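A.B. asks: Just dropping this structure here.
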Amino acid sequence: MTILFTHQSCLLHEVAAGHPENPSRLKVLEALFADDTFKDLERRDAPLGTVDQIALMHSEQYIEEIIRAVPDNELLYLDADTSLSHGSSEAAMRGCGSVCAAIDALMTENTKNAFCAVRPPGHHAETEKAMGFCLFNNAAIGAAYAQEKFKVDRVAVVDFDVHHGNGTQEMFWSQPNLLYASTHQMPLFPGTGAISEIGEHNNIINAPLLAGSGSSEFRTAFNELIFPGLRKFSPDLLIVSAGFDAHADDPLASLNLNEDDFSWVTSELLSIAEKYSDGRLVSVLEGGYNLEALSSSVSVHVRELMSV
């Protein structure tokens, strides 16, 4: 059984006109999941994450600063790309709450996996810094939550967003029982993710791809770097930072992936989860800014999740 976590409040994180990370991203997924193809998805509201959950990876001072800074009406810019609106803190807290609730479900119920259709995304958010459209780091918080609540030993986050998840890497850098593995275009925002960045315990795996790379390079990176590293780490829980902006039609980058690539990598990750983590896998939405490509890519991703 696959559970879909989402919430209407995630639409209330407003951005400036023309911003690529806007509520339309979730509206197209809402329409997608209304299709009969997904009638067997169990749907649950993403709960509000708690300050205690978020503080597993972010400083309490940072959390308080974000919540306190939320404006009443106008947008408040944290940097050129990242802003707060009146609904931003609730949306962001439901994002991390969705991942924690998904882990609760996987650890206590008869379910294998979950997809969290939430926004804003999270993988650029560092311990004390919002950036790259991100406020709280959903995937990293989920990893720490699984360790804190369920005493899960080893958690891996695999990230195939076209942008490197600098925030997740920063949070995991010195944690031997947390693995971060990423394919991403490089050079590209945020400028991190060189293959030489391996963490204090060889627990970071970066597989940067040159602009113009497509299916062959993407699959080679996974087959030669990421999958072997995952098998060696043998995670007890797998979390996926599922960004779909490496699609050929995405406007923010220059990789040339297609739906078959997202289907393939999802299937392979499910196989690894089945072998090492009793099938437990949580996927959380990151990027993807061409609405048609986002919808079709999420479609194949979630259909693979539902197939096990």
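Convention: chains lettered A, B, ... in structure tokens order; per-chain residue numbering from 1; ligands numbered from 1 as shown.
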Can you list, as JSON, numbers by chain, every protein, DNA or RNA residue that comes within 8 Å of His163 in chain A when you count only C-alpha atoms, leaving out same-chain residues fewer than 2 positions away?
C.D. replies: {"A": [161, 165, 184, 185, 188, 189, 190]}
A.B. asks: Those same residues, written as a PDB file, in the first residue's frame with N, CA and C atoms?
C.D. replies:
ATOM      1  N   ASP A 161      17.007  15.384  -7.701  1.00  0.00           N
ATOM      2  CA  ASP A 161      16.715  16.744  -8.151  1.00  0.00           C
ATOM      3  C   ASP A 161      17.899  17.255  -8.991  1.00  0.00           C
ATOM      4  N   GLY A 165      21.491  19.096  -3.258  1.00  0.00           N
ATOM      5  CA  GLY A 165      20.865  19.365  -1.965  1.00  0.00           C
ATOM      6  C   GLY A 165      21.910  19.757  -0.924  1.00  0.00           C
ATOM      7  N   HIS A 184      23.051  15.450  -9.867  1.00  0.00           N
ATOM      8  CA  HIS A 184      22.661  16.843 -10.068  1.00  0.00           C
ATOM      9  C   HIS A 184      23.513  17.426 -11.182  1.00  0.00           C
ATOM     10  N   GLN A 185      22.997  18.461 -11.807  1.00  0.00           N
ATOM     11  CA  GLN A 185      23.781  19.175 -12.808  1.00  0.00           C
ATOM     12  C   GLN A 185      24.838  20.031 -12.117  1.00  0.00           C
ATOM     13  N   LEU A 188      25.959  24.516 -11.465  1.00  0.00           N
ATOM     14  CA  LEU A 188      24.586  24.998 -11.349  1.00  0.00           C
ATOM     15  C   LEU A 188      24.381  25.391  -9.889  1.00  0.00           C
ATOM     16  N   PHE A 189      23.354  26.217  -9.635  1.00  0.00           N
ATOM     17  CA  PHE A 189      22.987  26.531  -8.257  1.00  0.00           C
ATOM     18  C   PHE A 189      22.838  25.220  -7.477  1.00  0.00           C
ATOM     19  N   PRO A 190      23.321  25.126  -6.237  1.00  0.00           N
ATOM     20  CA  PRO A 190      23.926  26.176  -5.407  1.00  0.00           C
ATOM     21  C   PRO A 190      25.458  26.195  -5.440  1.00  0.00           C
TER      22      PRO A 190
END
A.B. asks: Identify, on the basis of only C-alpha atoms, every residue whose closest approach to Ala194 in chain A does not exceed 7 Å; exclude the query and any residue fewer than 2 positions from it along the same chain; express the result as a PyMOL selection string.
C.D. replies: chain A and resi 192+196-197+206+208
A.B. asks: Among the residues of range 35-281 of chain A, find those DSSP assigns to alpha helix (DSSP H) from the backbone and print them as JSON, numbers by chain.
C.D. replies: {"A": [51, 52, 53, 54, 60, 61, 62, 63, 64, 65, 66, 67, 68, 69, 88, 89, 90, 91, 92, 93, 94, 95, 96, 97, 98, 99, 100, 101, 102, 103, 104, 105, 106, 107, 108, 138, 139, 140, 141, 142, 143, 144, 145, 146, 147, 148, 149, 150, 166, 167, 168, 169, 170, 171, 172, 215, 216, 217, 218, 219, 220, 221, 227, 228, 229, 230, 231, 232, 233, 259, 260, 261, 262, 263, 264, 265, 266, 267, 268, 269, 270, 271, 272, 273, 274, 275, 276]}
A.B. asks: The selected residues should be written to file as a compact mmCIF listing (two decimals), in the first residue's frame (atoms: C-alpha atoms).
C.D. replies:
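Result saved to selection_30.txt:
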# COMPACT_ATOMS: atom_id res chain seq x y z
CA VAL A 51 9.03 22.55 16.54
CA ASP A 52 10.61 19.56 18.29
CA GLN A 53 10.63 17.59 15.04
CA ILE A 54 12.09 20.47 13.02
CA GLU A 60 15.55 26.45 17.54
CA GLN A 61 16.69 30.02 17.03
CA TYR A 62 16.39 29.60 13.25
CA ILE A 63 12.93 28.03 13.54
CA GLU A 64 11.72 30.87 15.75
CA GLU A 65 13.18 33.45 13.36
CA ILE A 66 11.33 31.95 10.38
CA ILE A 67 8.01 31.72 12.22
CA ARG A 68 8.37 35.20 13.69
CA ALA A 69 9.29 36.71 10.32
CA SER A 88 4.44 30.00 4.51
CA SER A 89 5.16 28.70 8.00
CA GLU A 90 2.09 26.43 8.02
CA ALA A 91 2.93 25.11 4.55
CA ALA A 92 6.53 24.42 5.53
CA MET A 93 5.54 22.79 8.81
CA ARG A 94 3.11 20.51 7.01
CA GLY A 95 5.94 19.58 4.65
CA CYS A 96 8.13 18.23 7.42
CA GLY A 97 5.07 16.89 9.21
CA SER A 98 4.18 14.85 6.13
CA VAL A 99 7.53 13.07 6.12
CA CYS A 100 7.37 12.33 9.85
CA ALA A 101 3.80 11.02 9.50
CA ALA A 102 4.89 8.87 6.57
CA ILE A 103 7.65 7.37 8.72
CA ASP A 104 5.13 6.73 11.50
CA ALA A 105 2.94 4.86 9.00
CA LEU A 106 5.79 2.80 7.57
CA MET A 107 7.06 1.81 11.02
CA THR A 108 3.71 0.99 12.63
CA ASN A 138 11.89 17.85 5.00
CA ALA A 139 14.01 14.85 4.04
CA ALA A 140 16.74 15.50 6.59
CA ILE A 141 14.21 16.09 9.36
CA GLY A 142 12.56 12.79 8.44
CA ALA A 143 15.87 10.95 8.70
CA ALA A 144 16.59 12.36 12.15
CA TYR A 145 13.01 11.69 13.25
CA ALA A 146 13.25 8.02 12.29
CA GLN A 147 16.42 7.70 14.33
CA GLU A 148 15.06 9.61 17.32
CA LYS A 149 11.59 8.03 17.56
CA PHE A 150 12.07 4.55 16.16
CA ASN A 166 23.45 21.44 -0.14
CA GLY A 167 21.29 21.60 2.97
CA THR A 168 20.98 17.84 3.35
CA GLN A 169 24.70 17.44 2.72
CA GLU A 170 25.53 20.05 5.36
CA MET A 171 23.28 18.38 7.93
CA PHE A 172 24.59 14.87 7.22
CA SER A 215 19.59 8.97 -19.63
CA SER A 216 22.90 7.24 -20.22
CA GLU A 217 24.94 9.49 -17.94
CA PHE A 218 22.22 9.52 -15.27
CA ARG A 219 21.92 5.74 -15.17
CA THR A 220 25.68 5.27 -15.22
CA ALA A 221 26.01 7.61 -12.22
CA PHE A 227 23.72 2.08 -5.96
CA PRO A 228 27.02 0.51 -4.84
CA GLY A 229 27.32 3.10 -2.09
CA LEU A 230 23.76 2.42 -0.94
CA ARG A 231 24.34 -1.32 -0.86
CA LYS A 232 27.51 -0.88 1.17
CA PHE A 233 25.68 1.41 3.60
CA GLU A 259 9.76 9.86 -17.64
CA ASP A 260 11.41 6.48 -18.32
CA ASP A 261 14.43 7.60 -16.29
CA PHE A 262 12.31 8.55 -13.30
CA SER A 263 10.41 5.27 -13.56
CA TRP A 264 13.68 3.32 -13.77
CA VAL A 265 15.38 5.01 -10.80
CA THR A 266 12.25 4.61 -8.67
CA SER A 267 12.07 0.91 -9.47
CA GLU A 268 15.75 0.42 -8.65
CA LEU A 269 15.44 2.30 -5.36
CA LEU A 270 12.42 0.20 -4.42
CA SER A 271 14.49 -2.93 -5.02
CA ILE A 272 17.23 -1.64 -2.75
CA ALA A 273 14.65 -0.72 -0.10
CA GLU A 274 13.16 -4.21 -0.36
CA LYS A 275 16.56 -5.80 0.21
CA TYR A 276 17.85 -3.62 3.05
A.B. asks: Under the rule that only C-alpha atoms are counted, which of A:Val300, A:Val158, A:Leu281, A:Leu291 is the nearest residue to Ala242 in chain A?
C.D. replies: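 Counting only C-alpha atoms, the residue closest to Ala242 in chain A is A:Val158.
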A.B. asks: Quick one: distance from CA of Ser297 in chain A to CA of Ala246 in chain A in Å, one decimal?
C.D. replies: 10.3 Å
A.B. asks: Residues of range 62-299 of chain A in strand (DSSP E) according to DSSP, as a ChimeraX atom specification?
C.D. replies: /A:76-77,83-84,113-117,155-159,178-185,204-209,237-242,281-285
A.B. asks: Excluding Asn290 in chain A and its own-chain neighbours fewer than 3 positions away, which residues fall within 8 Å of it when counting only C-alpha atoms? Please give them as a VMD selection string.
C.D. replies: chain A and resid 245 249 to 251 293 to 294
A.B. asks: Could you please take those selected residues and save N, CA and C atoms as a PDB file, in the first residue's frame?
C.D. replies:
ATOM      1  N   ASP A 245      13.138  18.222 -11.845  1.00  0.00           N
ATOM      2  CA  ASP A 245      13.611  19.294 -12.708  1.00  0.00           C
ATOM      3  C   ASP A 245      14.822  18.909 -13.552  1.00  0.00           C
ATOM      4  N   ASP A 249      12.403  19.035 -20.348  1.00  0.00           N
ATOM      5  CA  ASP A 249      11.553  20.198 -20.589  1.00  0.00           C
ATOM      6  C   ASP A 249      11.565  21.214 -19.454  1.00  0.00           C
ATOM      7  N   ASP A 250      12.331  20.953 -18.395  1.00  0.00           N
ATOM      8  CA  ASP A 250      12.322  21.878 -17.262  1.00  0.00           C
ATOM      9  C   ASP A 250      13.066  23.162 -17.610  1.00  0.00           C
ATOM     10  N   PRO A 251      12.536  24.305 -17.190  1.00  0.00           N
ATOM     11  CA  PRO A 251      13.153  25.581 -17.593  1.00  0.00           C
ATOM     12  C   PRO A 251      14.354  26.010 -16.768  1.00  0.00           C
ATOM     13  N   ALA A 293       5.608  18.394 -17.491  1.00  0.00           N
ATOM     14  CA  ALA A 293       6.658  17.423 -17.201  1.00  0.00           C
ATOM     15  C   ALA A 293       6.598  16.968 -15.748  1.00  0.00           C
ATOM     16  N   LEU A 294       6.293  17.887 -14.843  1.00  0.00           N
ATOM     17  CA  LEU A 294       6.160  17.521 -13.431  1.00  0.00           C
ATOM     18  C   LEU A 294       5.059  16.492 -13.247  1.00  0.00           C
TER      19      LEU A 294
END
A.B. asks: Of the candidates A:Phe133, A:Phe160, A:Tyr289, A:Phe5, which shows the shortest atom-to-atom distance to Asp81 in chain A, using only C-alpha atoms?
C.D. replies: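 The shortest atom-to-atom distance to Asp81 in chain A comes from A:Phe133.
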A.B. asks: Hey, what's within 6 Å of Ile204 in chain A if we count only C-alpha atoms and toss same-chain stuff fewer than 2 positions away? As a list in words, please?
C.D. replies: Leu179, Tyr180, Ala181, Ile198, Gly199 and Asn202 of chain A
A.B. asks: Quick one: pull the distance between CA of Cys134 in chain A and CA of Ala114 in chain A, Å, one decimal.
C.D. replies: 21.1 Å
A.B. asks: Can you pull out every residue within 7 Å of range 9-17 of chain A, counting only C-alpha atoms, but drop anything in the same chain fewer than 4 positions away, and send it as a VMD selection string?
C.D. replies: chain A and resid 22 to 23 83 85 87 to 88 90 to 91 118 to 119
A.B. asks: Just the selected residues (N, CA and C atoms), exported as a CSV table (one decimal), in the first residue's frame, please.
C.D. replies:
chain,number,residue,atom,x,y,z
A,22,ASN,N,5.6,27.8,-7.5
A,22,ASN,CA,4.3,28.4,-7.1
A,22,ASN,C,3.2,27.4,-6.9
A,23,PRO,N,2.0,27.8,-6.4
A,23,PRO,CA,1.0,26.8,-6.0
A,23,PRO,C,0.5,25.9,-7.2
A,83,SER,N,11.2,33.5,-0.3
A,83,SER,CA,10.4,34.5,0.4
A,83,SER,C,9.4,33.8,1.3
A,85,SER,N,5.4,34.3,2.9
A,85,SER,CA,4.1,34.9,2.8
A,85,SER,C,3.3,34.5,4.1
A,87,GLY,N,1.0,32.5,4.6
A,87,GLY,CA,0.8,31.0,4.8
A,87,GLY,C,2.0,30.2,4.8
A,88,SER,N,3.2,30.8,4.7
A,88,SER,CA,4.4,30.0,4.5
A,88,SER,C,4.8,29.1,5.7
A,90,GLU,N,2.9,27.6,7.9
A,90,GLU,CA,2.1,26.4,8.0
A,90,GLU,C,2.4,25.5,6.9
A,91,ALA,N,2.6,26.0,5.7
A,91,ALA,CA,2.9,25.1,4.6
A,91,ALA,C,4.2,24.3,4.8
A,118,VAL,N,4.1,18.0,-1.3
A,118,VAL,CA,4.1,19.2,-0.4
A,118,VAL,C,5.0,20.3,-1.0
A,119,ARG,N,4.8,21.5,-0.6
A,119,ARG,CA,5.7,22.6,-0.9
A,119,ARG,C,5.6,23.6,0.2
A.B. asks: Could you tell me how far CA of Phe136 in chain A sits from CA of Leu75 in chain A, in Å to one decimal place?
C.D. replies: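 For CA of Leu75 in chain A relative to CA of Phe136 in chain A, the distance reads 17.8 Å.
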